[in-house]
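Structure below is protein07.csv: CSV, C-alpha atoms and all ligand atoms.
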```csv
chain,number,residue,atom,x,y,z
A,455,MET,CA,75.2,90.0,49.9
A,456,GLY,CA,76.1,90.3,46.2
A,457,GLY,CA,73.9,91.0,43.3
A,458,LEU,CA,71.6,88.7,41.3
A,459,VAL,CA,72.9,85.1,41.1
A,460,GLU,CA,71.0,84.1,38.0
A,461,THR,CA,68.4,85.5,35.6
A,462,VAL,CA,65.9,83.2,33.9
A,463,TRP,CA,64.5,84.7,30.8
A,464,LEU,CA,61.1,83.3,29.7
A,465,ASP,CA,59.3,84.2,26.4
A,466,GLU,CA,55.8,83.5,27.8
A,467,ILE,CA,54.6,82.1,31.1
A,468,ASP,CA,51.3,82.2,33.0
A,469,SER,CA,52.9,84.2,35.9
A,470,THR,CA,56.5,84.6,36.9
A,471,ASN,CA,55.5,84.4,40.5
A,472,SER,CA,53.8,81.0,39.9
A,473,TYR,CA,56.8,79.8,37.9
A,474,ALA,CA,59.2,80.9,40.7
A,475,LEU,CA,57.1,79.2,43.4
A,476,ASN,CA,56.6,76.0,41.4
A,477,ASN,CA,60.4,75.7,40.6
A,478,PHE,CA,61.6,77.2,43.8
A,479,ASP,CA,63.8,74.2,44.7
A,480,PHE,CA,65.6,74.2,41.4
A,481,PHE,CA,66.9,77.8,41.7
A,482,ALA,CA,69.4,79.5,44.0
A,483,SER,CA,68.5,82.3,46.2
A,484,GLY,CA,69.0,85.6,44.3
A,485,THR,CA,67.5,84.2,41.0
A,486,LEU,CA,65.3,86.6,39.0
A,487,VAL,CA,62.6,85.1,36.8
A,488,VAL,CA,61.7,87.5,33.9
A,489,ALA,CA,59.1,87.1,31.2
A,490,ARG,CA,58.3,89.0,28.0
A,491,ARG,CA,54.7,88.2,28.5
A,492,GLN,CA,52.4,86.7,31.2
A,493,SER,CA,49.2,85.0,30.1
A,494,MET,CA,47.8,85.1,33.7
A,495,GLY,CA,49.7,87.8,35.5
A,496,ARG,CA,48.5,87.9,39.1
A,497,GLY,CA,47.9,90.9,41.3
A,498,ARG,CA,47.0,91.2,45.0
A,499,LYS,CA,43.7,89.9,46.3
A,500,GLY,CA,43.2,87.5,43.4
A,501,ARG,CA,43.2,90.3,40.8
A,502,SER,CA,44.8,90.0,37.4
A,503,TRP,CA,47.8,92.0,36.2
A,504,ALA,CA,47.8,93.2,32.6
A,505,SER,CA,50.9,91.7,31.0
A,506,PRO,CA,51.1,92.3,27.2
A,507,PRO,CA,54.3,91.2,25.4
A,508,ASP,CA,57.5,93.3,25.4
A,509,VAL,CA,56.1,96.6,26.6
A,510,ASN,CA,56.4,96.2,30.4
A,511,SER,CA,58.6,94.7,33.1
A,512,TYR,CA,57.4,91.4,34.8
A,513,ALA,CA,59.8,89.8,37.2
A,514,SER,CA,59.9,87.6,40.4
A,515,LEU,CA,62.9,87.4,42.7
A,516,ILE,CA,63.5,84.2,44.7
A,517,LEU,CA,65.0,84.7,48.2
A,518,LYS,CA,65.6,81.6,50.2
A,519,GLY,CA,65.7,81.6,54.0
A,520,PHE,CA,64.1,85.0,54.0
A,521,LYS,CA,63.9,86.1,57.7
A,522,PHE,CA,61.8,89.2,57.4
A,523,LEU,CA,58.0,89.6,57.2
A,524,PRO,CA,56.1,89.5,53.9
A,525,ALA,CA,55.1,93.1,54.4
A,526,GLN,CA,58.8,94.0,54.7
A,527,ALA,CA,59.6,92.0,51.6
A,528,SER,CA,57.1,94.2,49.7
A,529,TRP,CA,59.2,97.2,50.7
A,530,ILE,CA,62.1,95.7,48.8
A,531,GLY,CA,59.9,95.3,45.7
A,532,SER,CA,58.3,98.7,45.8
A,533,LEU,CA,61.5,100.6,46.6
A,534,ALA,CA,63.4,98.8,43.9
A,535,ALA,CA,60.6,99.7,41.4
A,536,LEU,CA,60.6,103.3,42.6
A,537,GLU,CA,64.4,103.7,42.3
A,538,THR,CA,64.6,102.0,38.9
A,539,ILE,CA,61.8,104.2,37.5
A,540,ARG,CA,63.6,107.3,38.8
A,541,GLN,CA,66.8,106.2,37.1
A,542,SER,CA,64.9,105.7,33.8
A,543,ALA,CA,62.8,108.9,34.1
A,544,PRO,CA,64.5,111.3,36.6
A,545,ARG,CA,61.9,114.0,36.2
A,546,LEU,CA,58.9,111.8,37.0
A,547,GLY,CA,57.2,112.3,40.4
A,548,VAL,CA,56.8,108.9,41.8
A,549,SER,CA,56.0,107.7,45.4
A,550,VAL,CA,54.9,104.6,47.2
A,551,LYS,CA,51.4,104.0,48.5
A,552,TRP,CA,50.5,101.5,51.2
A,553,PRO,CA,50.6,98.6,51.1
A,554,ASN,CA,52.9,98.2,48.1
A,555,ASP,CA,52.0,100.3,45.1
A,556,VAL,CA,54.1,102.8,43.2
A,557,LEU,CA,52.1,105.8,42.0
A,558,CYS,CA,52.7,108.6,39.6
A,559,GLY,CA,50.2,111.5,39.6
A,560,GLY,CA,47.6,109.4,41.5
A,561,ARG,CA,47.9,106.6,39.0
A,562,LYS,CA,49.4,103.2,39.5
A,563,ILE,CA,52.7,102.6,37.6
A,564,ALA,CA,54.0,99.5,39.5
A,565,GLY,CA,52.7,96.8,41.8
A,566,VAL,CA,54.2,94.2,44.0
A,567,LEU,CA,53.0,90.7,44.9
A,568,CYS,CA,55.0,88.8,47.6
A,569,GLU,CA,54.3,85.1,48.2
A,570,GLY,CA,55.8,82.8,50.8
A,571,LYS,CA,57.1,79.4,49.9
A,572,PHE,CA,56.8,76.5,52.4
A,573,ASP,CA,58.6,73.2,52.4
A,574,SER,CA,56.9,69.8,52.6
A,575,ARG,CA,56.8,70.1,56.4
A,576,ARG,CA,55.1,73.4,56.0
A,577,LYS,CA,58.1,75.3,57.3
A,578,PRO,CA,58.9,78.6,55.6
A,579,ALA,CA,61.5,78.1,52.9
A,580,GLY,CA,61.6,81.7,51.5
A,581,ILE,CA,59.8,84.2,49.6
A,582,VAL,CA,59.0,85.3,46.0
A,583,ILE,CA,58.9,89.0,45.4
A,584,GLY,CA,57.0,89.7,42.1
A,585,VAL,CA,57.1,93.2,40.6
A,586,GLY,CA,55.3,94.5,37.6
A,587,VAL,CA,56.2,98.0,36.1
A,588,ASN,CA,54.3,99.7,33.3
A,589,LEU,CA,57.0,100.9,31.0
A,590,ASN,CA,55.7,101.3,27.4
A,591,MET,CA,52.0,100.5,27.7
A,592,ASP,CA,49.9,103.0,25.7
A,593,ALA,CA,47.0,105.1,27.0
A,594,LYS,CA,44.3,102.9,25.3
A,595,SER,CA,45.6,99.7,26.9
A,596,LEU,CA,46.0,101.3,30.3
A,597,ALA,CA,42.4,102.6,30.1
A,598,ALA,CA,41.2,99.0,29.5
A,599,ILE,CA,42.6,98.0,32.9
A,600,GLY,CA,39.6,99.8,34.4
A,601,LYS,CA,41.5,101.4,37.3
A,602,PRO,CA,43.7,104.5,37.3
A,603,ALA,CA,47.0,103.3,35.8
A,604,THR,CA,49.9,104.9,33.9
A,605,SER,CA,53.3,104.0,32.3
A,606,ILE,CA,56.6,105.7,31.8
A,607,LEU,CA,55.7,106.2,28.1
A,608,VAL,CA,52.4,107.9,28.9
A,609,GLU,CA,54.0,110.2,31.5
A,610,THR,CA,57.1,111.2,29.6
A,611,GLY,CA,56.3,110.7,26.0
A,612,GLU,CA,59.5,108.7,25.7
A,613,PRO,CA,59.6,104.9,25.5
A,614,VAL,CA,62.0,102.8,27.7
A,615,GLN,CA,64.3,101.5,25.0
A,616,ASP,CA,65.6,98.4,26.8
A,617,VAL,CA,62.8,96.7,28.7
A,618,GLY,CA,65.1,93.8,29.6
A,619,GLY,CA,67.8,96.2,30.9
A,620,PHE,CA,65.3,97.9,33.0
A,621,THR,CA,64.2,94.6,34.6
A,622,LEU,CA,67.8,93.6,35.3
A,623,ARG,CA,68.5,96.9,37.0
A,624,LEU,CA,65.3,96.5,39.1
A,625,GLY,CA,66.5,93.0,40.1
A,626,GLU,CA,69.9,94.3,41.1
A,627,GLU,CA,68.4,97.1,43.1
A,628,ALA,CA,66.1,94.6,44.9
A,629,MET,CA,69.2,92.6,45.8
A,630,ARG,CA,71.0,95.8,47.0
A,631,LEU,CA,68.1,96.6,49.3
A,632,TYR,CA,67.9,93.1,50.6
A,633,GLY,CA,71.6,93.2,51.4
A,634,LEU,CA,71.0,96.5,53.2
A,635,ALA,CA,68.3,94.9,55.3
A,636,LEU,CA,70.6,92.0,56.2
A,637,SER,CA,73.6,94.2,57.0
A,638,GLU,CA,71.9,97.2,58.7
A,639,GLY,CA,68.6,95.8,59.8
A,640,VAL,CA,65.1,96.0,58.2
A,641,ALA,CA,64.6,99.4,60.0
A,642,SER,CA,66.7,101.0,57.2
A,643,LEU,CA,64.1,100.0,54.6
A,644,HIS,CA,61.3,101.0,57.0
A,645,LYS,CA,62.8,104.5,57.3
A,646,THR,CA,63.2,104.9,53.5
A,647,TRP,CA,59.7,103.6,52.8
A,648,LYS,CA,58.2,106.0,55.3
A,649,SER,CA,60.0,108.9,53.7
A,650,GLU,CA,58.6,108.0,50.3
A,651,ASN,CA,55.0,107.3,51.5
A,652,MET,CA,52.6,109.5,49.7
A,653,LEU,CA,49.9,108.9,52.4
A,654,GLN,CA,51.9,110.2,55.3
A,655,GLY,CA,49.8,112.9,57.1
A,656,ARG,CA,46.9,112.5,54.7
A,657,ASP,CA,43.3,112.0,55.6
A,658,VAL,CA,42.2,108.7,54.2
A,659,GLU,CA,39.5,106.0,54.2
A,660,ALA,CA,40.7,102.5,54.7
A,661,VAL,CA,38.4,99.7,53.6
A,662,LEU,CA,39.3,96.5,55.5
A,663,ASP,CA,39.1,93.0,54.1
A,664,ASP,CA,35.8,92.4,55.9
A,665,GLY,CA,34.3,95.4,54.1
A,666,SER,CA,34.2,97.7,57.1
A,667,ALA,CA,35.7,101.2,56.7
A,668,ILE,CA,37.9,103.4,58.9
A,669,SER,CA,38.6,107.1,58.4
A,670,GLY,CA,41.5,108.8,59.8
A,671,ARG,CA,44.8,110.6,59.3
A,672,VAL,CA,47.9,108.6,58.4
A,673,GLU,CA,50.2,109.0,61.4
A,674,ASP,CA,52.9,106.4,60.8
A,675,LEU,CA,53.9,103.0,59.4
A,676,SER,CA,54.8,100.4,62.0
A,677,LEU,CA,57.8,98.2,61.6
A,678,ASP,CA,55.6,95.2,60.9
A,679,GLY,CA,54.1,97.1,57.9
A,680,SER,CA,50.8,98.1,59.5
A,681,LEU,CA,49.4,101.5,58.6
A,682,LEU,CA,48.6,103.6,61.7
A,683,LEU,CA,45.6,105.9,61.4
A,684,ARG,CA,44.5,108.5,64.0
A,685,THR,CA,40.7,108.7,63.9
A,686,ALA,CA,38.6,111.8,64.5
A,687,SER,CA,38.0,110.6,68.1
A,688,GLY,CA,41.7,110.4,68.7
A,689,ILE,CA,42.1,106.6,68.7
A,690,LEU,CA,45.1,105.1,66.9
A,691,ARG,CA,44.1,102.2,64.7
A,692,SER,CA,46.5,99.8,63.2
A,693,ILE,CA,45.6,98.5,59.7
A,694,ARG,CA,47.2,95.2,58.7
A,695,SER,CA,45.4,94.7,55.3
A,696,GLY,CA,43.0,96.7,53.2
A,697,GLU,CA,42.6,99.3,50.5
A,698,VAL,CA,43.3,103.0,51.3
A,699,SER,CA,42.1,106.0,49.4
A,700,ILE,CA,42.7,109.7,50.0
A,701,ARG,CA,39.6,111.5,51.2
A,702,PRO,CA,38.7,114.5,49.1
A,703,VAL,CA,39.1,117.8,51.0
A,801,LIG,C1,49.3,94.3,42.5
A,801,LIG,O1,49.5,95.5,42.5
A,801,LIG,O2,48.2,93.9,42.6
A,801,LIG,C2,50.5,93.4,42.4
A,801,LIG,C3,50.9,93.2,40.9
A,801,LIG,C4,52.1,92.3,40.8
A,801,LIG,C5,52.4,92.0,39.3
A,801,LIG,C6,53.7,91.2,39.2
A,801,LIG,S1,54.1,91.0,37.5
A,801,LIG,C7,55.4,89.9,37.9
A,801,LIG,C8,54.8,89.0,39.0
A,801,LIG,N1,54.1,87.9,38.4
A,801,LIG,C9,52.8,88.0,38.7
A,801,LIG,O3,51.9,87.2,38.3
A,801,LIG,N2,52.5,89.1,39.4
A,801,LIG,C10,53.7,89.8,39.7
```

How would this structure read if it were set down as structure tokens?
Ligand code: BTN
Amino acid sequence: MGGLVETVWLDEIDSTNSYALNNFDFFASGTLVVARRQSMGRGRKGRSWASPPDVNSYASLILKGFKFLPAQASWIGSLAALETIRQSAPRLGVSVKWPNDVLCGGRKIAGVLCEGKFDSRRKPAGIVIGVGVNLNMDAKSLAAIGKPATSILVETGEPVQDVGGFTLRLGEEAMRLYGLALSEGVASLHKTWKSENMLQGRDVEAVLDDGSAISGRVEDLSLDGSLLLRTASGILRSIRSGEVSIRPV
């Protein structure tokens, strides 16, 4: 597996993920769709993703014939963001948080939205891995998001000079990780993701999609991407989807 096949640069689009899904058949696998600005950037669970012009990285990678699970695709996105942030700001303490966030000092600095593409016969055709990284957003704009969020600028005091260059490196890193999964198996990404997981061994509360909550200690991440929690009564619970927060001591 080589690097990126093509990069599509857009001035403005509703969402690079929507554009990549709508134009999936026109692009080769390994195409990265990049925008300077998104007017309707999308996050997980129908949330919006703040996407002001030129300050942050917004990109979606098209992978055709993707044979891994969507949760495993999200490891590619979050690990690529993690590594590219580290290259840009080596002293920044960043880690991944289940299911697919990148955090810095408890605040979100990057997010990943993976969406499957199906052909006219509803057969899986591939996946779009969308990654947003907050690079040069200022503290005031971050506060307006209404959730703990940060950027490389706010954390280091130094702006990322070349936003496009950052996004290209992120795309190349995602392709490298995908190549690794193909050549060595997805277990290689699983191992790396687990070693970067800030929740490992922590006492957490998981709120599931139906609104119910489970408390427990994070014991592991299964190969299918489920978070494994050991409850106080000793039962091991497998969480496929939900929101997890660290319980105050
Ligand atoms: C999340 O944490 O909720 C996921 C955020 C994903 C945002 C990125 S920005 C590029 C791509 N296009 C979108 O509309 N969303 C993703």

| message | My list of candidates is A:Met652, A:Leu475, A:Ala482, A:Ala525. Which is closest to A:Ser549 when distances are computed with only C-alpha atoms? | response |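 Counting only C-alpha atoms, the residue closest to A:Ser549 is A:Met652.
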
| request: List all protein, DNA and RNA residues that have any atom at most 8 Å from ligand LIG 801 (chain A), counting all atoms listed in the file, and write the list as a PyMOL selection string. | output: chain A and resi 468-472+488+492+494-499+501-503+505+511-514+554-555+564-567+583-587

| field | Nearest to A:Gly559, chosen from A:Thr604, A:Gln541, A:Gln615, A:Ser687, with only C-alpha atoms counted in the distances | value | A:Thr604

Contact table stretch 541-635 of chain A vs stretch 688-700 of chain A, cut-off 9 Å, shortest pair per residue, all atoms listed in the file, as a Markdown table:
```
| residue | atom | partner | partner_atom | distance |
| --- | --- | --- | --- | --- |
| A:Lys551 | CA | A:Val698 | CA | 8.6 |
| A:Trp552 | CA | A:Val698 | CA | 7.4 |
| A:Pro553 | CA | A:Ser695 | CA | 7.7 |
```

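Compared by their closest atoms to A:Ser680, and using all atoms listed in the file, the residues A:Cys558, A:Thr621, A:Leu533, A:Lys648 rank with A:Lys648 nearest.
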
| request: Find, counting all atoms listed in the file, the residue in A:Asn476, A:Thr685, A:Gln526, A:Ser574 that gets nearest to A:Lys645. | output: A:Gln526

| task | Name the residues in contact with A:Lys562 at a cut-off of 9 Å, using all atoms listed in the file, excluding same-chain residues fewer than 5 positions from it; report them as a list in words. | result | Asp555, Val556, Leu557, Asn588, Lys601, Pro602, Ala603, Thr604 and Ser605 of chain A

| task | Give me, please, the distance in Å between atom CA of A:Glu673 and atom CA of A:Tyr632, quoted to one decimal. | result | 26.1 Å

| query | Rounded to one decimal in Å, what is the spacing between atom CA of A:Gly456 and atom CA of A:Asn651? | reply |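 Those two atoms sit 27.6 Å apart.
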
| Residue among A:Leu622, A:Ala535, A:Ile530, A:Val614 lying closest to A:Val462, counting only C-alpha atoms | A:Leu622

| Using only C-alpha atoms: which of A:Leu681, A:Met455, A:Leu515, A:Ala504 has the shortest distance to A:Ala598 |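 Looking at the shortest contact to A:Ala598, the residue is A:Ala504.
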
| field | Straight-line distance linking atom CA of A:Ala579 with atom CA of A:Glu627, stated in Å to one decimal | value |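 Separating atom CA of A:Ala579 from atom CA of A:Glu627 is a distance of 22.5 Å.
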
| Residues near A:Val459, cut-off 12 Å, all atoms listed in the file, skip fewer than 4 positions along chain, as a PyMOL selection string | chain A and resi 455+481-487+515-517+622+625-626+629
